[in-house]
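Encoded as structure tokens, the structure appears first; notes follow it.
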Amino acid sequence: MLLTGMIRLDKYLCDAGMGTRKEVKELIKKGQVRVNGEICKSPEQKVNENTVDIDCDGQKVIYEKYTYLMFYKPQGIVSATEDKKEETVLDFLKKVWEEKEERPFPKGMFPVGRLDKDTEGLLLITNDGALAHELLSPKKHVVKTYEVTPERALHGEEVLTLECGVDIGDEKLTMPARVNVQKDGKLQLSIMEGRYHQVKRMLAAVGNKVMHLKRLRMGTLYLDEDMKPGDYRVLTEQEVLSLRDRIPSLENVEAVIFDVDGTVVDSMWMWKRIDKEYLAKFDIPLPDTLQADIEGWSFYETAVYFKEHFGIDDPVERIMADWNEMAWEKYEREVPLKSGVRDFMRLCKDRGIKMGIATSNSRELMETIERVHGLTEYISCIRTGSEVQKGKPAPDIYLAVADTLEADPAKCLVFEDLVAGIMAGKSAGMKVCAVQDAYSLDSDREKRRLADYYIEEFGQILEREGMAHEERF
Ligand code: URA
């Protein structure tokens with residue numbers, strides 16, 4: 001019989017931080033340990049880790065299988081478990097924990113990832129190796145947000161360079177990032193990789209320098225605003241759950257329906273680039289606040305603004321036609337598929353799952369994307385925003401695709417990167433998986449709240465379905 005949750009008494013005490021195996025054996029043999037009220041002198045006695053009540057020298061032993069701490073790492077200590085010369089985050093934490101909690105610091109704790117000695121901010125400290133492994137997997141691309149104080153204020157063009165990918169001296173450019181410039185000139189920079197000294201090297205690549213660096217976020221964890229350097233707290237159960245993968249299964253899925261921009265292709269940065277290149281034709285530098293000024297405007301309204309604000313002689317229709325042509329070229333040549341998409345589509349096809357597209361983009365552009373990336377064989381139906389009565393967040397477009405695919409909406413799985421699209425899929429009665437995208441990182445919390453599942457990239461589903469996944473670009 002398998003005794004789940006049954007472990008040896010000496011292991012239980014060790015895991016609860018009561019001492020080394022040798023030390024706890026001594027305690028047990030001396031009769032200092034009571035199991036459910038009875039003195040127990042055998043270290044090999046099996047106890048149920050979920051229900052047993054143990055005290056040692058009259059004090060209740062607090063046993064948690066794993067401990068998860070949000071730690072505000074101060075500057076000046078290193079993110080290691082041990083260091084011969086420097087104070088480590090664990091030396092520091094152990095001291096403050098033992099003062100505050102009046103019980104031993106849990107065994108086997110380590111920081112999940114690293115911050116430089118002079119960087120402060122959020123560090124997750126745990127002894128759950130499996131969770132740490134999941135969070136640190138380079139495939140997973142967990143987002144990290146930093147508050148960066150640059151040596152000098154960044155121009156709009158430098159922000160764009162950081163967002164689109166910058167050469168920091170490695171083989172590949174950095175992945176798309178999100179940069180929010182604040183009124184005081186500090187940046188909130190969100191990145192989805194964890195290369196060595198990445199933030200400092202990114203700033204250096206645009207001729208700047210990091211004067212101060214603070215991590216605010218890692219995946220679903222956000223540093224509490226009222227925490228001070230050196231503070232820590234135990235994560236809530238909800239927070240621990242939120243750190244775990246929420247990857248969809250393909251079982252019982254009849255059809256998969258994809259949004260396109262930001263979900264299937266990495267295109268959300270493209271319009272910023274087009275603004276820059278378009279203005280450069282008139283020798284106008286990209287204004288630092290342009291994106292904020294035009295946020296939420298329609299294509300037409302933006303063209304009117306360009307004409308009036310930048311004194312462009314061309315009629316509004318011509319401006320829009322020029323932009324469309326530039327977009328066309330970018331979709332043909334520059335816009336990549338998001339990682340793992342083609343392999344995922346192949347997997348769905350192999351499983352007999354039908355696939356469709358529901359996009360606010362034009363049919364012509366969608367067909368270009370299909371052709372350029374060889375997706376035609378997988379997609380049996382395309383529906384665009386202009387072909388249905390109402391755009392997202394109304395459910396119409398998703399229902400129209402399900403109808404064409406002859407699939408039951410309740411057995412459709414939608415992939416979406418924007419809040420409005422997630423709402424559309426949910427209102428259509430479908431299961432929705434949110435897809436991480438640099439452009440929508442600011443609404444990530446809302447995306448996770450609304451969607452049934454969340455993926456950083458499609459490779460996670462392939463891995464879960466047990467298929468080797470090749471990196472395609
Ligand atoms: N990037 C850096 O350059 N330093 C850090 O500590 C974290 C990210």
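Letters for chains follow the order of the structure tokens (A, B, ...), residue numbers begin at 1 for each chain, and ligand numbers begin at 1 in the order shown.
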
I need the residues of segment 65-174 of chain A that end up classed as strand (DSSP E or B) by DSSP on the backbone, written out as a VMD selection string. chain A and resid 68 to 73 78 88 110 to 111 120 to 126 144 to 150

What's the 10 Å shell around Thr119 of chain A, counting only C-alpha atoms, without same-chain residues fewer than 2 positions away, as a ChimeraX atom specification? /A:73-79,114-117,121-122,146,211-215

Suppose we keep N, CA and C atoms; can you now write the selection as a compact mmCIF listing (two decimals), in the first residue's frame?
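Once written, again38.txt looks like this:
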```
# COMPACT_ATOMS: atom_id res chain seq x y z
N LYS A 73 14.79 42.61 -1.48
CA LYS A 73 16.25 42.56 -1.34
C LYS A 73 16.80 43.98 -1.27
N PRO A 74 17.57 44.24 -0.21
CA PRO A 74 18.21 45.57 -0.18
C PRO A 74 19.47 45.57 -1.07
N GLN A 75 19.98 46.74 -1.38
CA GLN A 75 21.25 46.81 -2.11
C GLN A 75 22.37 46.31 -1.18
N GLY A 76 23.45 45.83 -1.77
CA GLY A 76 24.64 45.52 -0.95
C GLY A 76 24.76 44.07 -0.53
N ILE A 77 23.79 43.22 -0.83
CA ILE A 77 23.94 41.79 -0.52
C ILE A 77 23.79 40.99 -1.82
N VAL A 78 24.38 39.80 -1.82
CA VAL A 78 24.39 39.05 -3.08
C VAL A 78 23.30 37.97 -3.09
N SER A 79 22.81 37.69 -4.33
CA SER A 79 21.69 36.73 -4.47
C SER A 79 22.20 35.30 -4.55
N ARG A 114 18.31 35.76 -9.84
CA ARG A 114 19.31 36.61 -9.19
C ARG A 114 19.05 38.08 -9.44
N LEU A 115 19.48 38.88 -8.47
CA LEU A 115 19.57 40.32 -8.70
C LEU A 115 21.01 40.70 -8.40
N ASP A 116 21.54 41.67 -9.14
CA ASP A 116 22.92 42.10 -8.88
C ASP A 116 23.03 42.66 -7.46
N LYS A 117 24.27 42.71 -6.97
CA LYS A 117 24.48 43.21 -5.60
C LYS A 117 23.91 44.62 -5.43
N GLY A 121 14.97 45.13 -4.63
CA GLY A 121 13.62 44.80 -5.06
C GLY A 121 13.24 43.35 -4.89
N LEU A 122 12.21 42.96 -5.63
CA LEU A 122 11.54 41.67 -5.43
C LEU A 122 12.40 40.45 -5.74
N TYR A 146 11.19 46.12 -14.03
CA TYR A 146 12.17 46.88 -13.24
C TYR A 146 11.84 48.36 -13.27
N MET A 211 21.46 54.11 -13.20
CA MET A 211 21.96 54.69 -11.95
C MET A 211 21.39 53.97 -10.74
N HIS A 212 20.17 53.44 -10.91
CA HIS A 212 19.53 52.71 -9.82
C HIS A 212 18.55 51.72 -10.42
N LEU A 213 18.50 50.52 -9.84
CA LEU A 213 17.65 49.47 -10.41
C LEU A 213 16.87 48.78 -9.31
N LYS A 214 15.56 48.66 -9.53
CA LYS A 214 14.70 48.02 -8.52
C LYS A 214 13.73 47.10 -9.24
N ARG A 215 13.67 45.84 -8.82
CA ARG A 215 12.70 44.93 -9.45
C ARG A 215 11.35 45.04 -8.75
```

Near-segment 104-113 of chain A list (7 Å; only C-alpha atoms; drop same-chain fewer than 3 positions) as a PDB file with all heavy atoms, in the first residue's frame:
```
ATOM      1  N   ASP A  15      12.923  18.718   8.140  1.00  0.00           N
ATOM      2  CA  ASP A  15      12.256  19.594   7.177  1.00  0.00           C
ATOM      3  C   ASP A  15      11.618  20.797   7.856  1.00  0.00           C
ATOM      4  O   ASP A  15      11.460  21.853   7.247  1.00  0.00           O
ATOM      5  CB  ASP A  15      11.181  18.838   6.378  1.00  0.00           C
ATOM      6  CG  ASP A  15      11.804  17.842   5.400  1.00  0.00           C
ATOM      7  OD1 ASP A  15      13.041  17.884   5.240  1.00  0.00           O
ATOM      8  OD2 ASP A  15      11.061  17.034   4.810  1.00  0.00           O
ATOM      9  N   ALA A  16      11.255  20.614   9.114  1.00  0.00           N
ATOM     10  CA  ALA A  16      10.656  21.733   9.851  1.00  0.00           C
ATOM     11  C   ALA A  16      11.742  22.654  10.412  1.00  0.00           C
ATOM     12  O   ALA A  16      11.450  23.595  11.144  1.00  0.00           O
ATOM     13  CB  ALA A  16       9.782  21.192  10.967  1.00  0.00           C
ATOM     14  N   GLY A  17      12.998  22.329  10.094  1.00  0.00           N
ATOM     15  CA  GLY A  17      14.096  23.207  10.482  1.00  0.00           C
ATOM     16  C   GLY A  17      14.534  23.010  11.923  1.00  0.00           C
ATOM     17  O   GLY A  17      15.128  23.900  12.528  1.00  0.00           O
ATOM     18  N   MET A  18      14.250  21.822  12.515  1.00  0.00           N
ATOM     19  CA  MET A  18      14.596  21.600  13.921  1.00  0.00           C
ATOM     20  C   MET A  18      16.048  21.172  14.107  1.00  0.00           C
ATOM     21  O   MET A  18      16.486  20.977  15.249  1.00  0.00           O
ATOM     22  CB  MET A  18      13.678  20.543  14.537  1.00  0.00           C
ATOM     23  CG  MET A  18      12.211  20.898  14.500  1.00  0.00           C
ATOM     24  SD  MET A  18      11.849  22.483  15.274  1.00  0.00           S
ATOM     25  CE  MET A  18      12.237  22.152  16.967  1.00  0.00           C
ATOM     26  N   SER A  79      22.812  37.691  -4.331  1.00  0.00           N
ATOM     27  CA  SER A  79      21.694  36.727  -4.469  1.00  0.00           C
ATOM     28  C   SER A  79      22.201  35.298  -4.554  1.00  0.00           C
ATOM     29  O   SER A  79      21.933  34.614  -5.525  1.00  0.00           O
ATOM     30  CB  SER A  79      20.901  37.007  -5.735  1.00  0.00           C
ATOM     31  OG  SER A  79      20.449  38.289  -5.782  1.00  0.00           O
ATOM     32  N   THR A  81      23.155  31.487  -2.215  1.00  0.00           N
ATOM     33  CA  THR A  81      22.824  30.797  -0.973  1.00  0.00           C
ATOM     34  C   THR A  81      24.029  30.858  -0.025  1.00  0.00           C
ATOM     35  O   THR A  81      23.886  30.928   1.191  1.00  0.00           O
ATOM     36  CB  THR A  81      22.440  29.337  -1.241  1.00  0.00           C
ATOM     37  OG1 THR A  81      23.270  28.844  -2.269  1.00  0.00           O
ATOM     38  CG2 THR A  81      21.002  29.194  -1.656  1.00  0.00           C
ATOM     39  N   LYS A  94      17.796  34.830   7.119  1.00  0.00           N
ATOM     40  CA  LYS A  94      17.796  33.885   8.239  1.00  0.00           C
ATOM     41  C   LYS A  94      17.798  34.668   9.569  1.00  0.00           C
ATOM     42  O   LYS A  94      17.042  34.367  10.477  1.00  0.00           O
ATOM     43  CB  LYS A  94      19.042  32.992   8.122  1.00  0.00           C
ATOM     44  CG  LYS A  94      19.047  31.791   8.998  1.00  0.00           C
ATOM     45  CD  LYS A  94      20.185  30.876   8.554  1.00  0.00           C
ATOM     46  CE  LYS A  94      20.321  29.628   9.366  1.00  0.00           C
ATOM     47  NZ  LYS A  94      20.383  29.744  10.786  1.00  0.00           N
ATOM     48  N   TRP A  97      14.420  36.518   9.971  1.00  0.00           N
ATOM     49  CA  TRP A  97      13.368  35.504  10.203  1.00  0.00           C
ATOM     50  C   TRP A  97      13.417  35.011  11.645  1.00  0.00           C
ATOM     51  O   TRP A  97      12.392  34.942  12.319  1.00  0.00           O
ATOM     52  CB  TRP A  97      13.567  34.349   9.222  1.00  0.00           C
ATOM     53  CG  TRP A  97      12.751  33.123   9.508  1.00  0.00           C
ATOM     54  CD1 TRP A  97      12.998  32.175  10.441  1.00  0.00           C
ATOM     55  CD2 TRP A  97      11.539  32.726   8.858  1.00  0.00           C
ATOM     56  NE1 TRP A  97      12.039  31.196  10.413  1.00  0.00           N
ATOM     57  CE2 TRP A  97      11.124  31.510   9.452  1.00  0.00           C
ATOM     58  CE3 TRP A  97      10.768  33.260   7.833  1.00  0.00           C
ATOM     59  CZ2 TRP A  97       9.977  30.827   9.042  1.00  0.00           C
ATOM     60  CZ3 TRP A  97       9.632  32.578   7.433  1.00  0.00           C
ATOM     61  CH2 TRP A  97       9.244  31.381   8.043  1.00  0.00           C
ATOM     62  N   GLU A  98      14.626  34.658  12.105  1.00  0.00           N
ATOM     63  CA  GLU A  98      14.724  34.035  13.427  1.00  0.00           C
ATOM     64  C   GLU A  98      14.377  35.026  14.544  1.00  0.00           C
ATOM     65  O   GLU A  98      13.830  34.652  15.562  1.00  0.00           O
ATOM     66  CB  GLU A  98      16.071  33.344  13.600  1.00  0.00           C
ATOM     67  CG  GLU A  98      16.028  32.050  12.811  1.00  0.00           C
ATOM     68  CD  GLU A  98      17.315  31.235  12.755  1.00  0.00           C
ATOM     69  OE1 GLU A  98      18.337  31.661  13.314  1.00  0.00           O
ATOM     70  OE2 GLU A  98      17.271  30.183  12.118  1.00  0.00           O
ATOM     71  N   LEU A 123      12.504  39.587  -4.720  1.00  0.00           N
ATOM     72  CA  LEU A 123      13.106  38.263  -4.913  1.00  0.00           C
ATOM     73  C   LEU A 123      12.159  37.251  -4.284  1.00  0.00           C
ATOM     74  O   LEU A 123      11.688  37.464  -3.164  1.00  0.00           O
ATOM     75  CB  LEU A 123      14.443  38.175  -4.182  1.00  0.00           C
ATOM     76  CG  LEU A 123      15.750  38.187  -4.947  1.00  0.00           C
ATOM     77  CD1 LEU A 123      16.882  37.804  -4.000  1.00  0.00           C
ATOM     78  CD2 LEU A 123      15.779  37.314  -6.172  1.00  0.00           C
ATOM     79  N   LEU A 124      11.902  36.183  -5.010  1.00  0.00           N
ATOM     80  CA  LEU A 124      11.125  35.089  -4.429  1.00  0.00           C
ATOM     81  C   LEU A 124      12.118  34.127  -3.803  1.00  0.00           C
ATOM     82  O   LEU A 124      13.089  33.725  -4.455  1.00  0.00           O
ATOM     83  CB  LEU A 124      10.321  34.406  -5.543  1.00  0.00           C
ATOM     84  CG  LEU A 124       9.670  33.075  -5.189  1.00  0.00           C
ATOM     85  CD1 LEU A 124       8.625  33.237  -4.102  1.00  0.00           C
ATOM     86  CD2 LEU A 124       9.022  32.452  -6.441  1.00  0.00           C
ATOM     87  N   ILE A 125      11.883  33.779  -2.538  1.00  0.00           N
ATOM     88  CA  ILE A 125      12.768  32.830  -1.856  1.00  0.00           C
ATOM     89  C   ILE A 125      11.917  31.629  -1.465  1.00  0.00           C
ATOM     90  O   ILE A 125      10.863  31.792  -0.845  1.00  0.00           O
ATOM     91  CB  ILE A 125      13.370  33.450  -0.571  1.00  0.00           C
ATOM     92  CG1 ILE A 125      13.925  34.852  -0.824  1.00  0.00           C
ATOM     93  CG2 ILE A 125      14.397  32.528   0.057  1.00  0.00           C
ATOM     94  CD1 ILE A 125      15.310  34.960  -1.310  1.00  0.00           C
ATOM     95  N   THR A 126      12.359  30.455  -1.817  1.00  0.00           N
ATOM     96  CA  THR A 126      11.563  29.264  -1.513  1.00  0.00           C
ATOM     97  C   THR A 126      12.469  28.047  -1.353  1.00  0.00           C
ATOM     98  O   THR A 126      13.683  28.121  -1.610  1.00  0.00           O
ATOM     99  CB  THR A 126      10.527  29.003  -2.642  1.00  0.00           C
ATOM    100  OG1 THR A 126       9.712  27.889  -2.291  1.00  0.00           O
ATOM    101  CG2 THR A 126      11.187  28.695  -3.973  1.00  0.00           C
ATOM    102  N   ASN A 127      11.849  26.922  -0.961  1.00  0.00           N
ATOM    103  CA  ASN A 127      12.580  25.647  -0.994  1.00  0.00           C
ATOM    104  C   ASN A 127      11.834  24.671  -1.908  1.00  0.00           C
ATOM    105  O   ASN A 127      12.044  23.477  -1.851  1.00  0.00           O
ATOM    106  CB  ASN A 127      12.755  25.059   0.412  1.00  0.00           C
ATOM    107  CG  ASN A 127      11.487  25.178   1.247  1.00  0.00           C
ATOM    108  OD1 ASN A 127      10.423  25.519   0.737  1.00  0.00           O
ATOM    109  ND2 ASN A 127      11.606  24.891   2.526  1.00  0.00           N
ATOM    110  N   ALA A 132      10.566  26.526  -8.731  1.00  0.00           N
ATOM    111  CA  ALA A 132      11.661  27.383  -9.177  1.00  0.00           C
ATOM    112  C   ALA A 132      12.103  26.972 -10.585  1.00  0.00           C
ATOM    113  O   ALA A 132      12.336  27.814 -11.456  1.00  0.00           O
ATOM    114  CB  ALA A 132      12.826  27.276  -8.211  1.00  0.00           C
ATOM    115  N   LEU A 136      12.056  29.425 -13.796  1.00  0.00           N
ATOM    116  CA  LEU A 136      13.325  29.846 -14.395  1.00  0.00           C
ATOM    117  C   LEU A 136      13.534  29.268 -15.795  1.00  0.00           C
ATOM    118  O   LEU A 136      14.507  29.624 -16.457  1.00  0.00           O
ATOM    119  CB  LEU A 136      14.500  29.442 -13.493  1.00  0.00           C
ATOM    120  CG  LEU A 136      14.543  30.159 -12.138  1.00  0.00           C
ATOM    121  CD1 LEU A 136      15.683  29.624 -11.285  1.00  0.00           C
ATOM    122  CD2 LEU A 136      14.697  31.664 -12.306  1.00  0.00           C
TER     123      LEU A 136
END
```

Please run DSSP on the backbone and report, as a compact mmCIF listing (two decimals) with all heavy atoms, in the first residue's frame, all residues within segment 285-317 of chain A that come out as helix (DSSP H, G or I).
```
# COMPACT_ATOMS: atom_id res chain seq x y z
N LEU A 290 4.46 60.63 -28.56
CA LEU A 290 3.49 60.33 -29.63
C LEU A 290 2.55 59.17 -29.28
O LEU A 290 1.33 59.28 -29.42
CB LEU A 290 4.22 60.04 -30.95
CG LEU A 290 3.26 59.73 -32.11
CD1 LEU A 290 2.44 60.95 -32.49
CD2 LEU A 290 4.01 59.22 -33.33
N GLN A 291 3.15 58.06 -28.81
CA GLN A 291 2.30 56.88 -28.54
C GLN A 291 1.24 57.19 -27.50
O GLN A 291 0.08 56.81 -27.65
CB GLN A 291 3.16 55.69 -28.08
CG GLN A 291 3.99 55.08 -29.19
CD GLN A 291 3.17 54.70 -30.41
OE1 GLN A 291 2.07 54.18 -30.29
NE2 GLN A 291 3.70 54.98 -31.60
N ALA A 292 1.63 57.93 -26.46
CA ALA A 292 0.66 58.27 -25.41
C ALA A 292 -0.40 59.20 -26.00
O ALA A 292 -1.59 59.08 -25.69
CB ALA A 292 1.38 58.93 -24.25
N ASP A 293 0.02 60.12 -26.88
CA ASP A 293 -0.94 61.09 -27.44
C ASP A 293 -2.01 60.43 -28.29
O ASP A 293 -3.15 60.88 -28.33
CB ASP A 293 -0.20 62.14 -28.30
CG ASP A 293 0.73 63.00 -27.45
OD1 ASP A 293 0.55 63.01 -26.22
OD2 ASP A 293 1.65 63.62 -28.02
N ILE A 294 -1.65 59.36 -29.01
CA ILE A 294 -2.60 58.80 -29.97
C ILE A 294 -3.26 57.50 -29.47
O ILE A 294 -4.04 56.89 -30.20
CB ILE A 294 -1.94 58.53 -31.35
CG1 ILE A 294 -0.82 57.49 -31.22
CG2 ILE A 294 -1.43 59.80 -31.98
CD1 ILE A 294 -0.22 57.09 -32.56
N PHE A 299 -7.67 54.64 -36.81
CA PHE A 299 -6.71 54.85 -37.90
C PHE A 299 -6.91 56.24 -38.52
O PHE A 299 -5.96 57.01 -38.71
CB PHE A 299 -7.01 53.76 -38.94
CG PHE A 299 -5.85 53.40 -39.82
CD1 PHE A 299 -4.63 53.07 -39.27
CD2 PHE A 299 -6.00 53.33 -41.19
CE1 PHE A 299 -3.56 52.70 -40.09
CE2 PHE A 299 -4.95 52.97 -42.01
CZ PHE A 299 -3.74 52.66 -41.46
N TYR A 300 -8.18 56.56 -38.78
CA TYR A 300 -8.52 57.82 -39.43
C TYR A 300 -8.16 59.01 -38.53
O TYR A 300 -7.51 59.96 -38.96
CB TYR A 300 -10.02 57.82 -39.77
CG TYR A 300 -10.48 59.11 -40.41
CD1 TYR A 300 -10.24 59.35 -41.77
CD2 TYR A 300 -11.13 60.09 -39.67
CE1 TYR A 300 -10.64 60.53 -42.37
CE2 TYR A 300 -11.53 61.28 -40.25
CZ TYR A 300 -11.29 61.50 -41.59
OH TYR A 300 -11.69 62.68 -42.18
N GLU A 301 -8.56 58.92 -37.26
CA GLU A 301 -8.26 60.03 -36.33
C GLU A 301 -6.75 60.27 -36.22
O GLU A 301 -6.29 61.41 -36.17
CB GLU A 301 -8.79 59.69 -34.93
CG GLU A 301 -10.29 59.75 -34.80
CD GLU A 301 -10.80 59.13 -33.50
OE1 GLU A 301 -10.18 58.17 -33.00
OE2 GLU A 301 -11.84 59.59 -33.02
N THR A 302 -6.00 59.18 -36.23
CA THR A 302 -4.54 59.32 -36.12
C THR A 302 -3.99 60.02 -37.37
O THR A 302 -3.10 60.89 -37.27
CB THR A 302 -3.89 57.94 -35.94
OG1 THR A 302 -4.55 57.26 -34.89
CG2 THR A 302 -2.42 58.04 -35.60
N ALA A 303 -4.53 59.67 -38.52
CA ALA A 303 -4.05 60.28 -39.77
C ALA A 303 -4.37 61.78 -39.77
O ALA A 303 -3.52 62.61 -40.18
CB ALA A 303 -4.69 59.59 -40.97
N VAL A 304 -5.55 62.15 -39.27
CA VAL A 304 -5.91 63.58 -39.20
C VAL A 304 -4.93 64.30 -38.28
O VAL A 304 -4.43 65.38 -38.58
CB VAL A 304 -7.38 63.74 -38.70
CG1 VAL A 304 -7.70 65.20 -38.42
CG2 VAL A 304 -8.36 63.14 -39.70
N TYR A 305 -4.63 63.65 -37.14
CA TYR A 305 -3.69 64.26 -36.17
C TYR A 305 -2.32 64.47 -36.82
O TYR A 305 -1.71 65.53 -36.69
CB TYR A 305 -3.59 63.34 -34.95
CG TYR A 305 -2.57 63.79 -33.92
CD1 TYR A 305 -2.90 64.76 -32.98
CD2 TYR A 305 -1.28 63.24 -33.90
CE1 TYR A 305 -1.98 65.17 -32.03
CE2 TYR A 305 -0.35 63.66 -32.96
CZ TYR A 305 -0.71 64.61 -32.03
OH TYR A 305 0.21 65.02 -31.10
N PHE A 306 -1.85 63.48 -37.53
CA PHE A 306 -0.54 63.59 -38.19
C PHE A 306 -0.55 64.77 -39.16
O PHE A 306 0.38 65.56 -39.22
CB PHE A 306 -0.20 62.29 -38.94
CG PHE A 306 0.64 61.33 -38.13
CD1 PHE A 306 0.18 60.84 -36.91
CD2 PHE A 306 1.90 60.91 -38.57
CE1 PHE A 306 0.94 59.94 -36.16
CE2 PHE A 306 2.67 60.03 -37.82
CZ PHE A 306 2.18 59.54 -36.61
N LYS A 307 -1.60 64.84 -39.96
CA LYS A 307 -1.68 65.90 -40.98
C LYS A 307 -1.62 67.28 -40.30
O LYS A 307 -0.82 68.13 -40.68
CB LYS A 307 -2.99 65.73 -41.76
CG LYS A 307 -3.16 66.79 -42.86
CD LYS A 307 -4.28 66.47 -43.78
CE LYS A 307 -4.53 67.61 -44.75
NZ LYS A 307 -3.36 67.95 -45.55
N GLU A 308 -2.44 67.45 -39.27
CA GLU A 308 -2.52 68.77 -38.63
C GLU A 308 -1.31 69.06 -37.75
O GLU A 308 -0.70 70.12 -37.84
CB GLU A 308 -3.81 68.86 -37.79
CG GLU A 308 -5.02 68.96 -38.69
CD GLU A 308 -6.33 68.82 -37.95
OE1 GLU A 308 -6.30 68.67 -36.70
OE2 GLU A 308 -7.39 68.84 -38.63
N HIS A 309 -0.94 68.10 -36.93
CA HIS A 309 0.11 68.34 -35.95
C HIS A 309 1.49 68.46 -36.59
O HIS A 309 2.30 69.29 -36.18
CB HIS A 309 0.10 67.20 -34.93
CG HIS A 309 0.98 67.42 -33.76
ND1 HIS A 309 0.61 68.21 -32.70
CD2 HIS A 309 2.24 66.99 -33.48
CE1 HIS A 309 1.58 68.24 -31.82
NE2 HIS A 309 2.58 67.51 -32.26
N PHE A 310 1.75 67.65 -37.62
CA PHE A 310 3.10 67.67 -38.23
C PHE A 310 3.11 68.47 -39.54
O PHE A 310 4.12 68.51 -40.23
CB PHE A 310 3.59 66.24 -38.48
CG PHE A 310 3.74 65.44 -37.20
CD1 PHE A 310 2.91 64.36 -36.95
CD2 PHE A 310 4.69 65.79 -36.27
CE1 PHE A 310 3.03 63.63 -35.76
CE2 PHE A 310 4.82 65.05 -35.08
CZ PHE A 310 3.99 63.98 -34.82
N VAL A 316 -5.51 63.11 -46.04
CA VAL A 316 -5.60 62.07 -45.00
C VAL A 316 -5.65 60.68 -45.64
O VAL A 316 -5.01 59.73 -45.15
CB VAL A 316 -6.86 62.33 -44.13
CG1 VAL A 316 -7.17 61.14 -43.23
CG2 VAL A 316 -6.65 63.57 -43.28
N GLU A 317 -6.38 60.53 -46.74
CA GLU A 317 -6.52 59.22 -47.40
C GLU A 317 -5.14 58.72 -47.86
O GLU A 317 -4.83 57.54 -47.80
CB GLU A 317 -7.46 59.29 -48.61
CG GLU A 317 -8.93 59.46 -48.27
CD GLU A 317 -9.23 60.80 -47.62
OE1 GLU A 317 -8.50 61.79 -47.89
OE2 GLU A 317 -10.18 60.86 -46.80
```

Taking 3 positions as the minimum chain separation for residues in the same chain, which residues sit within 7 Å of Ser242 of chain A when counting only C-alpha atoms? Answer as a VMD selection string. chain A and resid 220 238 to 239

Within 10 Å of Arg464 of chain A, counting only C-alpha atoms, which residues show up once you throw out same-chain ones fewer than 6 positions away? Write them as a list in words, please.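 Residues meeting the cut-off are Ile247, Pro248 and Ser249 of chain A.
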
Give me the residues within 12 Å of Gly466 of chain A as JSON, numbers by chain, counting only C-alpha atoms and dropping any in the same chain fewer than 4 places off. {"A": [249, 250, 344, 347, 459, 460, 461, 462]}

Write out the residues from the selection above, keeping N, CA, C and O atoms, as a short mmCIF file (atom, residue, chain, number, x, y, z; two decimals), in the first residue's frame.
```cif
data_model
loop_
_atom_site.label_atom_id
_atom_site.label_comp_id
_atom_site.auth_asym_id
_atom_site.auth_seq_id
_atom_site.Cartn_x
_atom_site.Cartn_y
_atom_site.Cartn_z
N SER A 249 -5.32 22.02 -21.76
CA SER A 249 -5.14 20.68 -22.32
C SER A 249 -5.96 20.62 -23.62
O SER A 249 -6.92 21.36 -23.79
N LEU A 250 -5.56 19.74 -24.52
CA LEU A 250 -6.27 19.65 -25.81
C LEU A 250 -7.36 18.58 -25.78
O LEU A 250 -8.05 18.36 -26.78
N PHE A 344 2.66 24.08 -32.81
CA PHE A 344 1.40 23.88 -32.11
C PHE A 344 0.28 23.58 -33.11
O PHE A 344 -0.55 22.69 -32.90
N LEU A 347 0.55 20.09 -34.26
CA LEU A 347 0.05 19.17 -33.23
C LEU A 347 -1.48 19.09 -33.28
O LEU A 347 -2.07 18.00 -33.24
N GLY A 459 5.15 26.88 -26.88
CA GLY A 459 6.01 25.74 -26.56
C GLY A 459 5.62 25.07 -25.24
O GLY A 459 5.81 23.86 -25.07
N GLN A 460 5.02 25.83 -24.33
CA GLN A 460 4.62 25.24 -23.04
C GLN A 460 3.54 24.18 -23.24
O GLN A 460 3.52 23.18 -22.53
N ILE A 461 2.65 24.40 -24.22
CA ILE A 461 1.59 23.40 -24.45
C ILE A 461 2.21 22.16 -25.09
O ILE A 461 1.88 21.04 -24.74
N LEU A 462 3.16 22.40 -26.01
CA LEU A 462 3.81 21.26 -26.67
C LEU A 462 4.53 20.41 -25.64
O LEU A 462 4.48 19.19 -25.66
#
```
